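entry-v1.cif follows (mmCIF, C-alpha atoms):
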```
data_model
loop_
_atom_site.label_atom_id
_atom_site.label_comp_id
_atom_site.auth_asym_id
_atom_site.auth_seq_id
_atom_site.Cartn_x
_atom_site.Cartn_y
_atom_site.Cartn_z
CA MET Y 825 24.41 -0.46 42.67
CA ILE Y 826 24.90 -2.95 45.51
CA ASP Y 827 26.64 -6.11 44.35
CA ASP Y 828 26.87 -8.40 47.36
CA PHE Y 829 26.50 -11.81 45.80
CA SER Y 830 27.97 -11.95 42.29
CA GLY Y 831 31.20 -13.36 43.70
CA ARG Y 832 29.43 -16.05 45.72
CA THR Y 833 29.57 -19.69 44.64
CA GLY Y 834 26.16 -21.35 44.51
CA ALA Y 835 22.71 -19.89 45.00
CA ALA Y 836 20.40 -18.47 47.62
CA LEU Y 837 17.43 -20.73 48.27
CA VAL Y 838 14.21 -18.88 49.08
CA ALA Y 839 11.50 -21.08 50.58
CA GLY Y 840 8.11 -19.50 50.04
CA ALA Y 841 9.26 -17.51 47.04
CA THR Y 842 5.76 -16.86 45.68
CA GLY Y 843 4.54 -15.02 48.77
CA GLY Y 844 4.68 -11.25 48.97
CA LEU Y 845 7.81 -11.24 51.12
CA GLY Y 846 9.48 -14.18 49.38
CA THR Y 847 9.08 -12.57 45.97
CA ALA Y 848 10.54 -9.25 47.13
CA ILE Y 849 13.47 -11.05 48.78
CA ALA Y 850 14.15 -13.11 45.67
CA ARG Y 851 14.08 -10.09 43.37
CA MET Y 852 16.46 -8.12 45.57
CA LEU Y 853 18.88 -11.04 45.87
CA ALA Y 854 18.88 -11.41 42.10
CA ALA Y 855 19.42 -7.67 41.60
CA ARG Y 856 22.46 -7.94 43.87
CA GLY Y 857 24.02 -10.77 41.92
CA SER Y 858 22.75 -14.01 43.44
CA ALA Y 859 21.55 -17.08 41.59
CA LEU Y 860 18.22 -18.30 42.98
CA ALA Y 861 16.69 -21.61 43.96
CA LEU Y 862 13.00 -20.86 44.47
CA THR Y 863 10.53 -23.13 46.23
CA TYR Y 864 6.78 -22.83 46.23
CA HIS Y 865 3.96 -24.84 47.77
CA ARG Y 866 1.09 -24.57 45.28
CA ASN Y 867 1.49 -21.56 42.98
CA ALA Y 868 3.60 -22.97 40.14
CA GLU Y 869 2.56 -20.20 37.75
CA ALA Y 870 3.77 -17.44 40.07
CA ALA Y 871 7.02 -19.32 40.67
CA ASP Y 872 7.66 -19.71 36.95
CA THR Y 873 6.86 -16.04 36.32
CA LEU Y 874 9.31 -15.01 39.02
CA ALA Y 875 12.04 -17.33 37.76
CA THR Y 876 11.77 -16.06 34.18
CA SER Y 877 11.91 -12.43 35.32
CA VAL Y 878 15.41 -12.77 36.80
CA GLU Y 879 18.67 -14.36 35.72
CA HIS Y 880 19.98 -17.72 36.95
CA ALA Y 881 16.89 -19.05 38.73
CA ALA Y 882 15.15 -22.40 38.98
CA THR Y 883 12.01 -23.55 40.80
CA TRP Y 884 10.98 -26.55 42.87
CA GLN Y 885 7.62 -27.50 44.33
CA LEU Y 886 8.03 -28.22 48.03
CA ASP Y 887 5.76 -29.04 50.94
CA LEU Y 888 7.98 -28.22 53.90
CA THR Y 889 6.04 -30.54 56.19
CA ASP Y 890 7.60 -33.40 54.20
CA ALA Y 891 11.08 -33.97 55.65
CA GLU Y 892 12.24 -36.27 52.86
CA ALA Y 893 11.07 -33.89 50.14
CA SER Y 894 12.85 -31.01 51.85
CA SER Y 895 16.14 -32.90 51.85
CA THR Y 896 15.68 -33.93 48.22
CA VAL Y 897 14.88 -30.44 46.96
CA LEU Y 898 17.80 -28.78 48.75
CA ALA Y 899 20.19 -31.45 47.49
CA GLU Y 900 18.92 -30.96 43.94
CA ALA Y 901 19.23 -27.19 44.21
CA ALA Y 902 22.79 -27.46 45.53
CA GLU Y 903 23.71 -29.81 42.70
CA ARG Y 904 22.12 -27.52 40.11
CA PHE Y 905 23.95 -24.39 41.29
CA GLY Y 906 27.12 -25.82 42.78
CA GLY Y 907 26.08 -25.22 46.37
CA LEU Y 908 23.88 -22.94 48.47
CA HIS Y 909 25.38 -19.86 50.09
CA THR Y 910 22.14 -18.82 51.82
CA VAL Y 911 18.92 -20.54 52.90
CA ILE Y 912 15.97 -18.25 53.58
CA TYR Y 913 12.74 -19.26 55.24
CA ALA Y 914 10.03 -16.93 53.96
CA ALA Y 915 7.23 -19.50 53.91
CA GLY Y 916 4.31 -20.06 56.21
CA PRO Y 917 0.54 -20.54 56.15
CA HIS Y 918 -2.12 -17.88 56.37
CA VAL Y 919 -2.53 -17.03 60.05
CA PRO Y 920 -6.03 -15.97 61.11
CA MET Y 921 -6.23 -13.54 64.01
CA VAL Y 922 -7.90 -15.31 66.93
CA HIS Y 923 -7.80 -14.82 70.69
CA LEU Y 924 -5.76 -17.50 72.46
CA SER Y 925 -8.86 -18.63 74.34
CA ARG Y 926 -10.59 -19.42 71.04
CA ILE Y 927 -7.80 -21.33 69.31
CA THR Y 928 -8.58 -25.02 69.02
CA PRO Y 929 -5.89 -27.63 69.65
CA ALA Y 930 -6.25 -28.78 66.05
CA ALA Y 931 -5.69 -25.28 64.70
CA PHE Y 932 -2.62 -24.76 66.88
CA ARG Y 933 -1.21 -28.14 65.92
CA SER Y 934 -1.68 -27.32 62.24
CA GLN Y 935 0.20 -24.02 62.59
CA LEU Y 936 3.04 -25.73 64.43
CA GLU Y 937 3.33 -28.40 61.77
CA GLN Y 938 3.23 -25.99 58.85
CA ASP Y 939 5.39 -23.26 60.34
CA THR Y 940 7.71 -24.59 63.08
CA LEU Y 941 8.11 -28.12 61.76
CA GLY Y 942 8.36 -26.81 58.20
CA PHE Y 943 11.21 -24.54 59.22
CA PHE Y 944 12.90 -27.38 61.11
CA HIS Y 945 12.86 -29.57 57.99
CA LEU Y 946 14.36 -26.76 55.91
CA MET Y 947 16.99 -26.04 58.56
CA ARG Y 948 17.93 -29.70 58.94
CA ALA Y 949 18.31 -30.19 55.20
CA GLY Y 950 20.21 -26.93 54.77
CA LEU Y 951 22.83 -27.18 57.49
CA PRO Y 952 25.20 -29.66 55.78
CA LEU Y 953 25.14 -27.49 52.65
CA LEU Y 954 25.70 -24.27 54.60
CA ARG Y 955 28.64 -25.85 56.40
CA GLN Y 956 30.21 -26.49 53.00
CA SER Y 957 29.72 -22.89 51.89
CA ARG Y 958 30.18 -21.28 55.32
CA GLY Y 959 26.84 -19.75 54.53
CA SER Y 960 23.87 -18.11 56.18
CA LEU Y 961 20.44 -19.20 57.41
CA ILE Y 962 17.77 -16.51 57.71
CA ALA Y 963 14.21 -16.95 58.96
CA VAL Y 964 11.52 -14.35 58.36
CA THR Y 965 9.49 -14.45 61.57
CA THR Y 966 7.52 -11.66 63.26
CA ALA Y 967 7.96 -8.68 65.55
CA ALA Y 968 5.02 -10.10 67.53
CA THR Y 969 7.43 -12.26 69.53
CA ARG Y 970 8.85 -9.06 71.06
CA ARG Y 971 5.59 -7.18 71.60
CA PHE Y 972 2.45 -9.27 71.51
CA PRO Y 973 -0.47 -7.95 69.44
CA VAL Y 974 -3.84 -9.18 70.66
CA ARG Y 975 -5.20 -12.10 68.58
CA ASP Y 976 -1.80 -12.93 67.07
CA GLY Y 977 -0.99 -16.06 69.05
CA LEU Y 978 -1.20 -18.40 66.06
CA SER Y 979 1.67 -16.45 64.54
CA ALA Y 980 3.73 -15.52 67.58
CA GLY Y 981 3.71 -19.00 69.15
CA PRO Y 982 5.10 -21.02 66.23
CA LYS Y 983 7.39 -18.18 65.12
CA GLY Y 984 8.81 -17.95 68.65
CA ALA Y 985 9.84 -21.57 68.33
CA VAL Y 986 11.46 -20.84 64.96
CA GLU Y 987 13.45 -18.02 66.55
CA ALA Y 988 14.65 -20.32 69.31
CA LEU Y 989 15.84 -22.82 66.70
CA VAL Y 990 17.70 -20.06 64.83
CA ARG Y 991 19.51 -19.05 68.01
CA GLY Y 992 20.40 -22.70 68.52
CA VAL Y 993 21.87 -22.92 65.03
CA ALA Y 994 23.92 -19.78 65.68
CA ALA Y 995 25.30 -21.26 68.89
CA GLU Y 996 26.06 -24.70 67.49
CA GLU Y 997 27.07 -24.02 63.90
CA GLY Y 998 29.26 -20.94 64.23
CA ARG Y 999 32.31 -23.19 64.51
CA TYR Y 1000 31.60 -24.26 60.93
CA GLY Y 1001 31.32 -20.67 59.75
CA VAL Y 1002 27.51 -20.80 59.52
CA ARG Y 1003 25.57 -17.70 60.56
CA ALA Y 1004 21.87 -17.73 61.51
CA ASN Y 1005 19.58 -14.75 62.05
CA CYS Y 1006 15.93 -13.70 61.98
CA VAL Y 1007 14.10 -10.77 60.46
CA GLY Y 1008 10.90 -9.82 62.27
CA PRO Y 1009 8.39 -7.92 60.13
CA GLY Y 1010 5.99 -5.54 61.78
CA MET Y 1011 2.83 -4.30 60.07
CA LEU Y 1012 3.29 -4.15 56.31
CA THR Y 1013 1.25 -3.02 53.35
CA ASP Y 1014 1.85 -6.40 51.70
CA GLY Y 1015 2.55 -9.99 52.63
CA MET Y 1016 0.56 -11.42 55.55
CA ALA Y 1017 -0.95 -8.07 56.50
CA ALA Y 1018 -2.44 -7.69 53.03
CA ARG Y 1019 -4.06 -11.13 53.36
CA LEU Y 1020 -5.46 -10.24 56.78
CA ILE Y 1021 -6.94 -7.00 55.41
CA ALA Y 1022 -8.45 -8.84 52.45
CA SER Y 1023 -9.95 -11.53 54.70
CA GLY Y 1024 -11.51 -8.96 57.03
CA ASP Y 1025 -9.40 -9.94 60.04
CA LEU Y 1026 -8.10 -6.38 60.08
CA ASP Y 1027 -10.63 -3.59 59.50
CA GLU Y 1028 -9.97 0.15 59.26
CA ARG Y 1029 -10.38 0.64 63.00
CA ALA Y 1030 -7.84 -2.08 63.74
CA LEU Y 1031 -5.46 -0.59 61.19
CA ASP Y 1032 -5.76 2.85 62.79
CA VAL Y 1033 -4.96 1.36 66.20
CA ALA Y 1034 -1.99 -0.53 64.76
CA ARG Y 1035 -0.66 2.60 63.08
CA ALA Y 1036 -0.97 4.58 66.33
CA ASN Y 1037 1.17 1.95 68.09
CA ILE Y 1038 4.03 2.45 65.63
CA PRO Y 1039 6.36 5.37 66.45
CA LEU Y 1040 6.94 6.08 62.74
CA ARG Y 1041 3.13 6.12 62.24
CA THR Y 1042 3.28 4.13 59.02
CA PHE Y 1043 3.40 0.55 57.76
CA GLY Y 1044 6.38 -1.02 56.06
CA THR Y 1045 6.70 -2.79 52.73
CA ALA Y 1046 8.02 -6.11 51.48
CA GLU Y 1047 11.08 -4.28 50.17
CA ASP Y 1048 11.91 -3.13 53.70
CA ILE Y 1049 12.01 -6.79 54.78
CA ALA Y 1050 14.00 -7.81 51.70
CA GLU Y 1051 16.59 -5.13 52.49
CA ALA Y 1052 17.13 -6.56 55.97
CA VAL Y 1053 17.34 -10.13 54.68
CA CYS Y 1054 19.83 -9.23 51.96
CA PHE Y 1055 21.99 -7.34 54.44
CA LEU Y 1056 22.11 -10.29 56.84
CA ALA Y 1057 22.93 -12.65 53.97
CA SER Y 1058 25.79 -10.46 52.79
CA ASP Y 1059 29.40 -10.25 53.92
CA ARG Y 1060 28.57 -6.85 55.38
CA ALA Y 1061 26.94 -8.82 58.22
CA ARG Y 1062 29.80 -11.31 58.54
CA PHE Y 1063 30.08 -10.81 62.33
CA ILE Y 1064 26.34 -10.93 63.05
CA THR Y 1065 24.72 -14.19 64.14
CA GLY Y 1066 22.02 -15.31 66.54
CA GLN Y 1067 20.18 -11.99 66.23
CA GLN Y 1068 16.69 -10.82 65.35
CA LEU Y 1069 16.36 -7.64 63.32
CA ASP Y 1070 12.82 -6.32 63.78
CA VAL Y 1071 11.71 -4.21 60.83
CA ASP Y 1072 8.66 -2.67 62.46
CA GLY Y 1073 8.79 1.11 62.46
CA GLY Y 1074 9.65 1.05 66.15
CA TYR Y 1075 6.67 -1.07 67.27
CA THR Y 1076 8.82 -3.13 69.64
CA VAL Y 1077 10.64 -0.26 71.38
#
```

What does this structure look like when you write it as structure tokens?
Amino acid sequence: MIDDFSGRTGAALVAGATGGLGTAIARMLAARGSALALTYHRNAEAADTLATSVEHAATWQLDLTDAEASSTVLAEAAERFGGLHTVIYAAGPHVPMVHLSRITPAAFRSQLEQDTLGFFHLMRAGLPLLRQSRGSLIAVTTAATRRFPVRDGLSAGPKGAVEALVRGVAAEEGRYGVRANCVGPGMLTDGMAARLIASGDLDERALDVARANIPLRTFGTAEDIAEAVCFLASDRARFITGQQLDVDGGYTV
């Protein structure tokens, strides 16, 4: 059994804990000994169910586009658990697949506000706490910033900005012992891909094409992403910062 976090003071905060990836990340962190501060946007029932299924967890409702609320929630979580050793961004809106030429300015602005600005608010609120714990910031982004899939600009654009911010944190905050990294999911059987399949944005033909573009010829799972996040949050990755670990079956090679 891997026990990376039972000796850590404080908790890991997972923003977007009720999503497919956030839930898998939270469960794996808990299984490896971490207390959990879980934030959700709307799904209070799912957050409560998750919190009661693991030990040492508490939930907060949080709209990440609200800078003041982000600061308040992270401060409350740190007070509740005696600090935060890790802050994980696993949130983000549903991203419809649209050609760049068909994206309206309003739609792009909305994605930037919800995704890039939301991450910035979380990052800004988390850095003073991570300096105290010499902790880790991890953003779940996308492999699409390394190899662009057609119609994925609403995801790749804002996530590319998030990745640039993470590299900036790594460069500026390393002197305080803070590490910052990204995990870039490829095509998965759950999380965003599941929502795209359900909405009809990805049909069987598109899925076959996507699978053919992956050297391993299969899709990943939320647990594959959680494994990468937990590794980067652990002391096993103590000398890794400013990096992106694409978990994509080789899509970006």

(request) Tell me which protein, DNA and RNA residues are within 10 Å of Y:Asp976, counting only C-alpha atoms, leaving out same-chain ones fewer than 6 positions away, and put them as an MDAnalysis selection string. (result) chainID Y and resid 919:924 968:969

Keeping only C-alpha atoms, write those residues as a compact mmCIF listing (two decimals), keeping the file's coordinate frame.
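This went into out.txt:
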```txt
# COMPACT_ATOMS: atom_id res chain seq x y z
CA VAL Y 919 -2.53 -17.03 60.05
CA PRO Y 920 -6.03 -15.97 61.11
CA MET Y 921 -6.23 -13.54 64.01
CA VAL Y 922 -7.90 -15.31 66.93
CA HIS Y 923 -7.80 -14.82 70.69
CA LEU Y 924 -5.76 -17.50 72.46
CA ALA Y 968 5.02 -10.10 67.53
CA THR Y 969 7.43 -12.26 69.53
```

(message) I need the output of the PyMOL selection byres ((chain Y and resi 979-982) around 12) for this file as an MDAnalysis selection string; which residues are they?
(response) chainID Y and resid 916:924 927 931:944 964:978 983:989 1008:1010 1016:1017

(message) I'd like to see the residues matched by the PyMOL selection byres ((chain Y and resi 1046-1056) around 7) on this file, and ideally I'd get them as a PyMOL selection string.
(response) chain Y and resi 844-845+848-849+852-853+1007+1009+1014-1015+1044-1045+1057-1058+1060-1061+1071

(message) Please determine, counting all atoms listed in the file, which residue among Y:Ala855, Y:Val1002, Y:Leu1012, Y:Ala915 has the shortest atom-to-atom distance to Y:Gly959.
(response)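 Nearest to Y:Gly959: Y:Val1002.
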
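In this model, the gap between atom CA of Y:Glu997 and atom CA of Y:Leu961 comes to 10.5 Å.
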
(request) Write out as an NGL selection string which residues come within 9 Å of Y:Thr842 when counting all atoms listed in the file, dropping same-chain ones fewer than 3 positions away. (result) :Y and (839 or 845-847 or 862-865 or 867-868 or 870-871 or 874 or 915)

(request) Quick one: everything within 10 Å of Y:Arg948, counting all atoms listed in the file, minus sequence neighbours fewer than 2 positions away in the same chain. Send it as a list in words. (result) Ala891, Ser894, Ser895, Phe943, Phe944, His945, Leu946, Gly950, Leu951, Pro952, Leu953 and Val993 of chain Y

(request) Name the closest residue to Y:Ala899 among the candidates Y:Ala1022, Y:Phe1043, Y:Leu954, Y:His880; distances are taken between atoms, counting all atoms listed in the file. (result)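 Selected residue with least distance to Y:Ala899: Y:Leu954.
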
(message) Applying the PyMOL selection byres ((chain Y and resi 908) around 8) to the file I just gave you, which residues come out? Please list them as number ranges by chain.
(response) Y: 833-837, 901-902, 905-907, 909-911, 953-954, 957, 959

Would you save the residues from that selection as a compact mmCIF listing (two decimals), in the frame of the given file, using C-alpha atoms?
```txt
# COMPACT_ATOMS: atom_id res chain seq x y z
CA THR Y 833 29.57 -19.69 44.64
CA GLY Y 834 26.16 -21.35 44.51
CA ALA Y 835 22.71 -19.89 45.00
CA ALA Y 836 20.40 -18.47 47.62
CA LEU Y 837 17.43 -20.73 48.27
CA ALA Y 901 19.23 -27.19 44.21
CA ALA Y 902 22.79 -27.46 45.53
CA PHE Y 905 23.95 -24.39 41.29
CA GLY Y 906 27.12 -25.82 42.78
CA GLY Y 907 26.08 -25.22 46.37
CA HIS Y 909 25.38 -19.86 50.09
CA THR Y 910 22.14 -18.82 51.82
CA VAL Y 911 18.92 -20.54 52.90
CA LEU Y 953 25.14 -27.49 52.65
CA LEU Y 954 25.70 -24.27 54.60
CA SER Y 957 29.72 -22.89 51.89
CA GLY Y 959 26.84 -19.75 54.53
```

(message) Using Å and a single decimal, report how far atom CA of Y:Ala861 sits from atom CA of Y:Trp884.
(response)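 If I compute the distance from atom CA of Y:Trp884 to atom CA of Y:Ala861, I get 7.6 Å.
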
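The space between atom CA of Y:Ile1064 and atom CA of Y:Ser960 spans 10.2 Å.
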
(request) Could you tell me which of Y:Asp1059, Y:Asp828, Y:Asp1032, Y:Asp1072 comes closest to Y:Arg958 if we count all atoms listed in the file? (result) Y:Asp1059
